[in-house]
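Novice: Next comes the structure file input-v1.cif, holding mmCIF, C-alpha atoms and all ligand atoms.
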```cif
data_structure
loop_
_atom_site.label_atom_id
_atom_site.label_comp_id
_atom_site.auth_asym_id
_atom_site.auth_seq_id
_atom_site.Cartn_x
_atom_site.Cartn_y
_atom_site.Cartn_z
CA MET A 1 17.22 -1.14 -28.15
CA GLU A 2 16.51 1.27 -30.97
CA CYS A 3 16.75 4.85 -30.00
CA VAL A 4 16.37 7.69 -32.43
CA VAL A 5 17.57 11.24 -31.88
CA THR A 6 16.11 13.38 -34.63
CA GLY A 7 16.14 16.94 -35.79
CA THR A 8 18.50 19.85 -35.69
CA ARG A 9 18.96 21.73 -32.45
CA THR A 10 19.50 25.34 -31.65
CA ALA A 11 22.46 26.36 -29.49
CA LEU A 12 20.39 29.06 -27.78
CA GLU A 13 19.47 28.85 -24.12
CA ARG A 14 15.89 27.56 -24.09
CA GLY A 15 14.98 27.79 -20.41
CA TYR A 16 14.18 24.16 -19.63
CA SER A 17 16.94 23.85 -17.05
CA ASP A 18 14.94 26.40 -14.97
CA LEU A 19 12.30 23.71 -14.39
CA PRO A 20 13.04 21.05 -11.79
CA VAL A 21 12.94 17.33 -12.48
CA PRO A 22 9.51 16.22 -11.17
CA PHE A 23 9.10 13.38 -8.69
CA GLY A 24 7.34 10.18 -9.66
CA TRP A 25 7.62 6.68 -11.07
CA PHE A 26 9.62 6.69 -14.30
CA ALA A 27 10.48 3.99 -16.82
CA VAL A 28 14.20 3.29 -16.86
CA ALA A 29 14.37 0.19 -19.09
CA LEU A 30 12.34 -2.48 -20.77
CA ALA A 31 12.38 -5.58 -18.58
CA LYS A 32 14.06 -7.59 -21.35
CA ASP A 33 16.98 -5.12 -21.36
CA VAL A 34 18.07 -6.10 -17.84
CA ALA A 35 18.84 -9.83 -18.05
CA ASN A 36 19.29 -12.16 -15.10
CA GLY A 37 22.69 -11.51 -13.57
CA GLU A 38 23.11 -8.23 -15.45
CA VAL A 39 24.22 -4.91 -13.89
CA VAL A 40 23.23 -1.63 -15.62
CA THR A 41 24.27 1.90 -14.68
CA MET A 42 21.33 4.22 -15.32
CA ASN A 43 21.71 7.93 -16.05
CA TYR A 44 18.42 9.67 -15.30
CA PHE A 45 17.14 12.57 -13.14
CA GLY A 46 20.49 14.31 -13.51
CA THR A 47 22.12 11.55 -11.49
CA GLU A 48 23.16 7.89 -11.61
CA PHE A 49 22.06 4.69 -9.99
CA VAL A 50 22.83 1.03 -10.49
CA VAL A 51 20.21 -1.61 -11.32
CA TRP A 52 20.77 -5.34 -11.29
CA ARG A 53 18.66 -8.46 -11.70
CA GLY A 54 19.36 -11.23 -9.22
CA GLY A 55 19.30 -14.95 -9.86
CA ASP A 56 15.71 -14.95 -8.54
CA GLY A 57 14.66 -12.68 -11.44
CA GLU A 58 13.99 -9.63 -9.21
CA VAL A 59 15.40 -6.21 -10.10
CA ARG A 60 17.04 -3.98 -7.47
CA ALA A 61 18.44 -0.45 -7.54
CA VAL A 62 21.05 1.33 -5.38
CA ASP A 63 23.17 4.48 -5.36
CA PRO A 64 26.32 4.04 -7.45
CA PHE A 65 29.17 4.36 -4.95
CA CYS A 66 30.24 1.62 -2.57
CA PRO A 67 30.20 2.90 1.04
CA HIS A 68 33.44 0.99 1.78
CA LEU A 69 36.00 2.89 -0.31
CA GLY A 70 33.87 4.43 -3.01
CA ALA A 71 34.15 2.12 -6.04
CA HIS A 72 31.46 2.53 -8.70
CA LEU A 73 29.12 -0.41 -8.33
CA GLY A 74 28.12 -0.34 -12.00
CA VAL A 75 31.67 -0.88 -13.32
CA ASN A 76 33.16 -4.40 -13.28
CA SER A 77 30.81 -5.49 -10.49
CA ASP A 78 29.10 -8.89 -10.47
CA VAL A 79 25.79 -10.35 -9.49
CA VAL A 80 26.37 -13.20 -7.04
CA GLY A 81 23.15 -15.02 -6.25
CA ASN A 82 20.74 -12.16 -5.73
CA ASP A 83 23.37 -9.71 -4.50
CA LEU A 84 25.61 -7.13 -6.13
CA ARG A 85 29.34 -7.63 -5.51
CA CYS A 86 31.60 -4.59 -5.55
CA PRO A 87 34.62 -4.98 -7.86
CA TYR A 88 37.09 -3.38 -5.44
CA HIS A 89 37.12 -5.60 -2.29
CA HIS A 90 34.23 -7.95 -3.11
CA TRP A 91 31.76 -6.75 -0.52
CA SER A 92 28.27 -7.97 -1.44
CA PHE A 93 25.05 -5.93 -1.06
CA ASN A 94 21.42 -6.98 -1.12
CA GLY A 95 18.50 -5.00 -2.53
CA ASP A 96 17.97 -3.31 0.86
CA GLY A 97 21.47 -1.86 0.65
CA GLY A 98 22.69 -4.20 3.40
CA VAL A 99 26.12 -5.88 3.38
CA THR A 100 25.68 -9.63 3.04
CA ARG A 101 29.31 -10.73 2.75
CA ILE A 102 32.86 -9.41 3.17
CA PRO A 103 35.31 -12.07 2.05
CA TYR A 104 38.05 -11.16 4.57
CA THR A 105 36.05 -10.64 7.77
CA GLU A 106 33.25 -12.29 9.69
CA VAL A 107 32.55 -9.19 11.72
CA ILE A 108 29.88 -7.09 10.03
CA ALA A 109 28.05 -4.55 12.18
CA PRO A 110 24.27 -5.21 12.38
CA SER A 111 23.60 -1.70 11.05
CA MET A 112 25.72 -2.45 7.98
CA LYS A 113 23.86 -5.73 7.49
CA GLN A 114 20.59 -3.81 7.56
CA SER A 115 21.45 -1.01 5.16
CA CYS A 116 24.45 1.19 4.47
CA LEU A 117 23.88 1.91 0.78
CA PRO A 118 20.89 4.03 -0.32
CA THR A 119 18.33 2.16 -2.42
CA TRP A 120 15.74 3.24 -5.00
CA PRO A 121 12.16 1.92 -5.10
CA ILE A 122 11.94 -0.26 -8.21
CA GLU A 123 9.06 -2.17 -9.83
CA GLU A 124 8.38 -4.15 -12.97
CA VAL A 125 5.00 -3.59 -14.57
CA ASP A 126 3.87 -4.68 -18.04
CA GLY A 127 7.40 -5.43 -19.25
CA VAL A 128 8.84 -2.09 -18.10
CA VAL A 129 11.26 -1.40 -15.23
CA TRP A 130 10.15 1.60 -13.15
CA VAL A 131 12.13 3.59 -10.59
CA TRP A 132 10.66 6.07 -8.11
CA TYR A 133 12.52 9.37 -8.13
CA HIS A 134 12.13 12.03 -5.44
CA PRO A 135 14.91 14.55 -4.75
CA ASN A 136 14.32 14.24 -0.98
CA LYS A 137 13.94 10.45 -1.18
CA ALA A 138 10.26 10.62 -0.10
CA ALA A 139 8.48 7.25 -0.40
CA PRO A 140 6.29 6.50 -3.46
CA LYS A 141 2.94 8.31 -3.35
CA TRP A 142 1.07 6.19 -5.91
CA GLU A 143 1.36 2.92 -7.80
CA VAL A 144 2.46 2.39 -11.38
CA ALA A 145 -0.70 1.88 -13.50
CA ARG A 146 -1.25 -1.32 -15.46
CA ILE A 147 -2.47 -1.41 -19.03
CA PRO A 148 -6.23 -2.13 -19.12
CA ASP A 149 -7.48 -5.68 -19.49
CA CYS A 150 -7.64 -6.85 -23.07
CA PRO A 151 -11.29 -7.45 -24.01
CA ASP A 152 -10.33 -10.46 -26.06
CA GLY A 153 -7.52 -12.65 -24.65
CA ASP A 154 -4.04 -11.16 -24.30
CA TRP A 155 -2.73 -7.95 -25.83
CA VAL A 156 -0.25 -8.46 -28.64
CA LEU A 157 2.87 -6.31 -28.22
CA ALA A 158 3.29 -5.12 -31.80
CA MET A 159 5.91 -2.41 -31.55
CA THR A 160 8.36 -0.77 -29.12
CA ARG A 161 10.10 2.51 -29.84
CA ASP A 162 12.16 5.05 -27.98
CA TRP A 163 13.51 8.53 -28.61
CA ILE A 164 15.71 10.99 -26.75
CA VAL A 165 14.51 14.57 -27.12
CA ASN A 166 15.98 17.85 -25.90
CA ILE A 167 13.09 19.17 -23.88
CA HIS A 168 11.66 19.01 -20.35
CA CYS A 169 9.42 15.96 -19.88
CA ARG A 170 6.41 18.15 -18.96
CA GLU A 171 6.08 19.21 -22.59
CA ILE A 172 5.49 15.74 -24.04
CA PRO A 173 2.02 15.16 -22.51
CA GLU A 174 1.35 18.91 -22.86
CA ASN A 175 1.33 18.28 -26.62
CA GLY A 176 -1.98 16.43 -26.24
CA GLN A 177 -3.55 19.53 -24.63
CA ASP A 178 -2.26 21.74 -27.44
CA TYR A 179 -5.30 21.49 -29.72
CA ALA A 180 -4.16 23.96 -32.35
CA HIS A 181 -1.01 22.07 -33.37
CA PHE A 182 -2.92 18.97 -34.51
CA GLY A 183 -3.95 20.62 -37.74
CA ALA A 184 -0.71 22.50 -38.37
CA VAL A 185 1.81 19.80 -37.45
CA HIS A 186 -0.07 16.56 -37.97
CA GLY A 187 -2.54 17.55 -40.64
CA VAL A 188 -5.49 16.04 -38.80
CA PRO A 189 -8.75 17.72 -39.72
CA PHE A 190 -10.04 18.00 -36.17
CA ALA A 191 -8.54 18.82 -32.82
CA PRO A 192 -9.16 15.86 -30.49
CA LYS A 193 -10.80 17.98 -27.82
CA GLY A 194 -11.92 16.41 -24.62
CA GLU A 195 -12.44 17.13 -21.00
CA MET A 196 -9.32 16.93 -18.84
CA LYS A 197 -10.16 15.42 -15.48
CA VAL A 198 -7.78 15.33 -12.56
CA GLU A 199 -8.17 12.89 -9.72
CA GLY A 200 -5.40 12.55 -7.15
CA TRP A 201 -2.20 11.79 -9.04
CA THR A 202 -3.95 10.84 -12.28
CA ARG A 203 -5.21 12.91 -15.17
CA SER A 204 -7.61 11.54 -17.74
CA ASN A 205 -8.80 12.78 -21.10
CA LYS A 206 -11.72 11.21 -22.94
CA VAL A 207 -12.19 12.23 -26.53
CA VAL A 208 -14.91 11.22 -28.94
CA ALA A 209 -13.79 12.20 -32.41
CA GLU A 210 -14.96 11.92 -35.96
CA MET A 211 -12.37 10.07 -37.99
CA LYS A 212 -11.95 9.83 -41.71
CA THR A 213 -11.89 6.22 -42.91
CA PRO A 214 -12.07 4.76 -46.42
CA LYS A 215 -15.72 3.96 -45.62
CA GLY A 216 -16.47 7.56 -44.63
CA LEU A 217 -16.59 9.29 -41.26
CA MET A 218 -16.83 7.17 -38.14
CA THR A 219 -16.80 7.92 -34.46
CA GLY A 220 -13.77 6.84 -32.50
CA LYS A 221 -12.79 7.07 -28.85
CA ILE A 222 -9.43 8.09 -27.49
CA GLU A 223 -9.02 7.57 -23.74
CA THR A 224 -5.89 8.72 -21.96
CA ILE A 225 -4.96 8.03 -18.38
CA ALA A 226 -1.78 9.69 -17.15
CA THR A 227 -0.54 8.47 -13.80
CA GLY A 228 2.06 10.84 -12.39
CA PRO A 229 4.35 12.80 -14.72
CA GLY A 230 6.02 9.75 -16.29
CA GLN A 231 3.26 7.42 -17.47
CA SER A 232 0.43 7.69 -19.99
CA ILE A 233 -1.76 4.90 -21.30
CA ILE A 234 -3.72 5.86 -24.38
CA GLU A 235 -6.45 3.63 -25.78
CA TYR A 236 -7.74 4.09 -29.31
CA ILE A 237 -11.04 2.35 -29.91
CA ASP A 238 -12.57 2.55 -33.39
CA VAL A 239 -12.30 0.20 -36.38
CA THR A 240 -9.31 -1.10 -34.50
CA HIS A 241 -8.30 -1.24 -30.83
CA VAL A 242 -4.81 -0.12 -29.92
CA VAL A 243 -3.16 0.59 -26.58
CA GLN A 244 -0.23 2.95 -26.58
CA ALA A 245 1.80 2.80 -23.36
CA GLN A 246 3.99 5.90 -23.24
CA GLN A 247 6.64 6.70 -20.70
CA VAL A 248 8.62 9.93 -20.43
CA THR A 249 11.71 9.87 -18.25
CA PRO A 250 13.87 12.90 -17.48
CA ILE A 251 17.56 12.33 -18.21
CA ASP A 252 17.84 15.83 -16.76
CA SER A 253 15.51 18.81 -16.81
CA SER A 254 16.16 19.55 -20.48
CA THR A 255 16.48 16.03 -21.90
CA THR A 256 13.79 13.35 -21.97
CA HIS A 257 13.77 9.67 -22.88
CA ILE A 258 10.43 8.72 -24.46
CA ARG A 259 9.40 5.07 -24.72
CA TRP A 260 6.40 3.50 -26.43
CA GLN A 261 4.98 0.02 -26.33
CA MET A 262 2.09 -0.47 -28.74
CA TYR A 263 -0.39 -3.29 -28.26
CA HIS A 264 -3.35 -4.52 -30.26
CA ILE A 265 -6.05 -7.12 -29.62
CA PRO A 266 -5.28 -10.71 -30.67
CA GLY A 267 -6.83 -12.65 -33.52
CA LEU A 268 -7.10 -9.79 -36.01
CA THR A 269 -8.15 -10.61 -39.54
CA GLU A 270 -5.72 -9.61 -42.25
CA GLY A 271 -7.78 -6.54 -43.08
CA ARG A 272 -8.06 -5.33 -39.47
CA LEU A 273 -4.37 -6.03 -38.92
CA ARG A 274 -3.55 -3.77 -41.88
CA VAL A 275 -5.72 -0.97 -40.45
CA THR A 276 -4.14 -1.46 -37.01
CA GLN A 277 -0.61 -1.31 -38.40
CA ALA A 278 -1.53 1.82 -40.35
CA ARG A 279 -2.82 3.42 -37.14
CA MET A 280 0.45 2.61 -35.35
CA ARG A 281 2.51 3.96 -38.24
CA ASP A 282 0.43 7.11 -38.19
CA LEU A 283 1.03 7.64 -34.46
CA GLU A 284 4.74 7.12 -35.02
CA LYS A 285 4.65 9.63 -37.86
CA GLN A 286 2.98 12.12 -35.54
CA ILE A 287 5.71 11.93 -32.90
CA THR A 288 8.44 12.31 -35.51
CA GLN A 289 6.61 15.47 -36.63
CA ASP A 290 6.63 16.79 -33.05
CA ILE A 291 10.27 15.98 -32.27
CA PRO A 292 12.02 18.67 -34.39
CA ILE A 293 9.73 21.26 -32.79
CA TRP A 294 10.45 19.94 -29.29
CA ASN A 295 14.20 19.84 -29.89
CA ASN A 296 14.31 23.50 -30.81
CA LYS A 297 11.51 25.32 -29.00
CA LYS A 298 12.00 27.31 -25.82
CA LEU A 299 10.05 27.15 -22.58
CA GLU A 300 7.39 29.79 -22.97
CA ALA A 301 6.51 30.36 -19.32
CA ARG A 302 3.89 33.00 -20.21
CA PRO A 303 2.51 31.81 -23.53
CA LEU A 304 0.41 34.16 -25.65
CA LEU A 305 -2.69 31.97 -25.77
CA VAL A 306 -5.93 32.60 -27.65
CA LYS A 307 -9.35 30.93 -27.84
CA GLY A 308 -8.97 27.45 -29.32
CA ASP A 309 -5.52 26.76 -27.87
CA GLY A 310 -6.62 24.07 -25.42
CA PRO A 311 -6.16 23.64 -21.65
CA ILE A 312 -2.40 24.20 -21.65
CA LEU A 313 -2.32 26.41 -18.57
CA ALA A 314 -4.69 24.10 -16.66
CA TYR A 315 -2.36 21.22 -17.53
CA ARG A 316 0.69 23.12 -16.25
CA GLU A 317 -1.10 24.22 -13.12
CA ASN A 318 -2.06 20.65 -12.37
CA TYR A 319 1.50 19.49 -13.11
CA GLN A 320 2.88 21.89 -10.51
CA LYS A 321 2.17 19.30 -7.78
CA PHE A 322 4.97 17.11 -9.15
CA PHE A 323 7.40 19.95 -8.33
CA ASP A 324 6.14 20.26 -4.77
CA PHE A 325 8.95 18.45 -3.00
CA GLU A 326 7.85 19.28 0.54
CA GLU A 327 5.50 16.83 2.19
CA GLY A 328 1.99 18.25 1.86
CA PRO A 329 -1.66 17.20 1.57
CA GLU A 330 -2.77 14.90 -1.25
CA PRO A 331 -3.75 16.77 -4.44
CA LYS A 332 -7.36 17.81 -5.02
CA ALA A 333 -9.59 16.71 -7.90
CA GLY A 334 -10.63 19.04 -10.70
CA VAL A 335 -11.92 19.37 -14.23
CA ALA A 336 -10.68 21.67 -16.99
S1 LIG B 401 35.07 -0.16 -2.33
FE1 LIG B 401 33.52 -1.60 -2.56
S2 LIG B 401 34.22 -3.31 -1.48
FE2 LIG B 401 35.72 -1.81 -1.13
FE FE B 402 1.80 16.35 -31.55
#
```
Translate this structure into structure tokens?

Specialist:
Amino acid sequence: MECVVTGTRTALERGYSDLPVPFGWFAVALAKDVANGEVVTMNYFGTEFVVWRGGDGEVRAVDPFCPHLGAHLGVNSDVVGNDLRCPYHHWSFNGDGGVTRIPYTEVIAPSMKQSCLPTWPIEEVDGVVWVWYHPNKAAPKWEVARIPDCPDGDWVLAMTRDWIVNIHCREIPENGQDYAHFGAVHGVPFAPKGEMKVEGWTRSNKVVAEMKTPKGLMTGKIETIATGPGQSIIEYIDVTHVVQAQQVTPIDSSTTHIRWQMYHIPGLTEGRLRVTQARMRDLEKQITQDIPIWNNKKLEARPLLVKGDGPILAYRENYQKFFDFEEGPEPKAGVA
């Protein structure tokens, strides 16, 4: 896995640790990075958990410490069949956190067989492993979104990237609402303005923008659907058709792991492939322009906003629901 940490960082306190880690589904690995029979200790959400893939190909996730005598289940453990075997006394656990085998006794209490090790909801969608995080262990409130159907066969996965940045994960999608930085940071001649629509746990932005091409100006569409705080799917439809699947995962409240998978439609001619690759390179250039700013900026809780700045406060207000850890009513819909 390539992972790039870029930019200098300031040593000053920047306020991000004042924000909590939001709840939601978050990407913790690409599916190919957890092989059959492999055990991986994950460090996200300011904590640790252990993921393994059983012989049946299914991934499972549990808390890291064995309830017997406290060994770390991510260190020198083994996958036996579909179960995880602790290195210390070889107790085996299934994906429900139940004990399936103790090599030196036949007597296992029914409650231990059911579950004695906390588990984490885990899913695999579109080649990404997702874990549901909630500080109070509340059950998942929505489903991981799938990338849209490809209009023309199967999407071609053209590029995967990931970066670790020193900033709270709320600020990564906020960048898309920050209209005024597009000109200054990315040198694009227009701000991709669009209506931000909130429905339940999803937020969508639809933008119709004039784009400069070698053949003159053309109209392009950029459609973003963000599902929860950790997942955005952005579709660019113009001379080319690209899907950018972006995941942001809090390592803690001031450090974020960003992942991208970029897809394009199949059967591109050489010319369209060149344009598509240029589009992907341009998007990659844009994030590398944002990263040094992210790594060094502070949390401006009361920003000095002016006309033209974009719906930053509406975005933050809407995001607040992912910090609401008490059980409450489902979120309302709205437009900004
Ligand atoms: S500590 Fe895990 S089996 Fe004993
Ligand atoms: Fe940006």

Novice: Show which residues sit within 10 Å of Glu174 of chain A, as a list in words. Count only C-alpha atoms, and ignore same-chain residues fewer than 2 positions away.

Specialist: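 Once the nearby chain positions are removed, what remains is Cys169, Arg170, Glu171, Ile172, Gly176, Gln177, Asp178, Tyr179, Gly310, Pro311, Ile312, Leu313, Tyr315, Arg316 and Tyr319 of chain A.
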
Novice: Residues as selected, C-alpha atoms, written as a PDB file, keeping the file's coordinate frame, can you do that?

Specialist:
```pdb
ATOM      1  CA  CYS A 169       9.420  15.960 -19.880  1.00  0.00           C
ATOM      2  CA  ARG A 170       6.410  18.150 -18.960  1.00  0.00           C
ATOM      3  CA  GLU A 171       6.080  19.210 -22.590  1.00  0.00           C
ATOM      4  CA  ILE A 172       5.490  15.740 -24.040  1.00  0.00           C
ATOM      5  CA  GLY A 176      -1.980  16.430 -26.240  1.00  0.00           C
ATOM      6  CA  GLN A 177      -3.550  19.530 -24.630  1.00  0.00           C
ATOM      7  CA  ASP A 178      -2.260  21.740 -27.440  1.00  0.00           C
ATOM      8  CA  TYR A 179      -5.300  21.490 -29.720  1.00  0.00           C
ATOM      9  CA  GLY A 310      -6.620  24.070 -25.420  1.00  0.00           C
ATOM     10  CA  PRO A 311      -6.160  23.640 -21.650  1.00  0.00           C
ATOM     11  CA  ILE A 312      -2.400  24.200 -21.650  1.00  0.00           C
ATOM     12  CA  LEU A 313      -2.320  26.410 -18.570  1.00  0.00           C
ATOM     13  CA  TYR A 315      -2.360  21.220 -17.530  1.00  0.00           C
ATOM     14  CA  ARG A 316       0.690  23.120 -16.250  1.00  0.00           C
ATOM     15  CA  TYR A 319       1.500  19.490 -13.110  1.00  0.00           C
TER      16      TYR A 319
END
```

Novice: Could you check which of A:Trp260, A:Asp309, A:Val156, A:Val239 is closest to Ala278 of chain A, using all atoms listed in the file?

Specialist: A:Val239

Novice: Residues at most 6 Å from ligand LIG 401 (chain B), using all atoms listed in the file? Could they come as a PyMOL selection string?

Specialist: chain A and resi 66+68-71+86+88-91

Novice: Residues contacting ligand FE 402 (chain B) - anything with an atom at most 12 Å away, using all atoms listed in the file - can you give me those as number ranges by chain?

Specialist: A: 171-188, 191-192, 282-294

Novice: In Å, how far is it from atom CA of Leu84 of chain A to atom CA of Gly54 of chain A?

Specialist: 8.1 Å

Novice: Could you please determine the separation between atom CA of His257 of chain A and atom CA of Pro87 of chain A in Å, to one decimal place?

Specialist: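 For atom CA of His257 of chain A relative to atom CA of Pro87 of chain A, the distance reads 29.6 Å.
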
Novice: Leaving out Gly55 of chain A and any residue of its chain fewer than 6 positions from it, which residues lie within 9 Å of it when counting only C-alpha atoms, given as a tab-separated table (two decimals) with C-alpha atoms, in the frame of the given file?

Specialist:
```tsv
chain	number	residue	atom	x	y	z
A	36	ASN	CA	19.29	-12.16	-15.10
A	37	GLY	CA	22.69	-11.51	-13.57
A	79	VAL	CA	25.79	-10.35	-9.49
A	80	VAL	CA	26.37	-13.20	-7.04
A	81	GLY	CA	23.15	-15.02	-6.25
A	82	ASN	CA	20.74	-12.16	-5.73
A	83	ASP	CA	23.37	-9.71	-4.50
```

Novice: So which one's closest to Arg60 of chain A, A:Pro140, A:Gly230, A:Gly74, A:Pro121? Using only C-alpha atoms, please.

Specialist: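 Closest residue, counting only C-alpha atoms: A:Pro121.
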
Novice: Any idea what's packed within 8 Å of Leu30 of chain A, counting only C-alpha atoms, ignoring anything in its chain fewer than 4 positions away? Could you give it as a CSV table (one decimal) with C-alpha atoms, keeping the file's coordinate frame?

Specialist:
```csv
chain,number,residue,atom,x,y,z
A,34,VAL,CA,18.1,-6.1,-17.8
A,127,GLY,CA,7.4,-5.4,-19.2
A,128,VAL,CA,8.8,-2.1,-18.1
A,129,VAL,CA,11.3,-1.4,-15.2
```

Novice: Between atom CA of Asn295 of chain A and atom CA of Thr256 of chain A, what is the distance in Å, rounded to a tenth?

Specialist: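 Pair atom CA of Asn295 of chain A / atom CA of Thr256 of chain A returns 10.2 Å.
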
Novice: Excluding same-chain residues fewer than 5 positions from Met262 of chain A, what lies within 6 Å of it counting all atoms listed in the file, as a list of chain:residue names?

Specialist: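 The neighbour list is A:Leu157, A:Ala158, A:Met159, A:Val243, A:Gln244.
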
Novice: Looking at A:Gly271, A:Gly46, A:Gly24, A:Gly200, which one is nearest to Ser253 of chain A, with distances taken over all atoms listed in the file?

Specialist: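 Distance minimum relative to Ser253 of chain A lands on A:Gly46.
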
Novice: Any idea what's packed within 9 Å of Ser17 of chain A, counting only C-alpha atoms, ignoring anything in its chain fewer than 4 positions away? Could you give it as a ChimeraX atom specification?

Specialist: /A:21,168,252-254

Novice: Which residue is closest to Arg53 of chain A? Choose from A:Glu317, A:Glu123, A:Glu326, A:Glu13 and count all atoms listed in the file.

Specialist: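 Closest to Arg53 of chain A, using all atoms listed in the file: A:Glu123.
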
Novice: I'd like the box whose edges run along x, y and z of the file and which contains every listed atom of segment 55-63 of chain A, padded by 8 Å per side; could you state its centre and edge lengths in Å, one decimal, as JSON?

Specialist:
```
{"center_x": 18.6, "center_y": -5.2, "center_z": -8.4, "size_x": 25.2, "size_y": 35.4, "size_z": 22.1}
```

Novice: Which is closer to Val131 of chain A than all the others in A:Leu12, A:Pro64, A:Val144, A:Arg259, using only C-alpha atoms?

Specialist: A:Val144

Novice: Here is a test: counting only C-alpha atoms, which residue of A:Glu327, A:Glu223, A:Glu300, A:Glu38 is nearest to Arg14 of chain A?

Specialist: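 The shortest atom-to-atom distance to Arg14 of chain A comes from A:Glu300.
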
Novice: At a cut-off of 9 Å around the point (-7.4, 0.0, -20.9) (file coordinates), what residues fall inside when counting all atoms listed in the file? I'd like the answer as a short mmCIF file (atom, residue, chain, number, x, y, z; two decimals) with C-alpha atoms, in the coordinates of the input.

Specialist:
```
data_model
loop_
_atom_site.label_atom_id
_atom_site.label_comp_id
_atom_site.auth_asym_id
_atom_site.auth_seq_id
_atom_site.Cartn_x
_atom_site.Cartn_y
_atom_site.Cartn_z
CA ARG A 146 -1.25 -1.32 -15.46
CA ILE A 147 -2.47 -1.41 -19.03
CA PRO A 148 -6.23 -2.13 -19.12
CA ASP A 149 -7.48 -5.68 -19.49
CA CYS A 150 -7.64 -6.85 -23.07
CA PRO A 151 -11.29 -7.45 -24.01
CA GLU A 223 -9.02 7.57 -23.74
CA THR A 224 -5.89 8.72 -21.96
CA ILE A 225 -4.96 8.03 -18.38
CA ILE A 233 -1.76 4.90 -21.30
CA ILE A 234 -3.72 5.86 -24.38
CA GLU A 235 -6.45 3.63 -25.78
CA VAL A 243 -3.16 0.59 -26.58
#
```
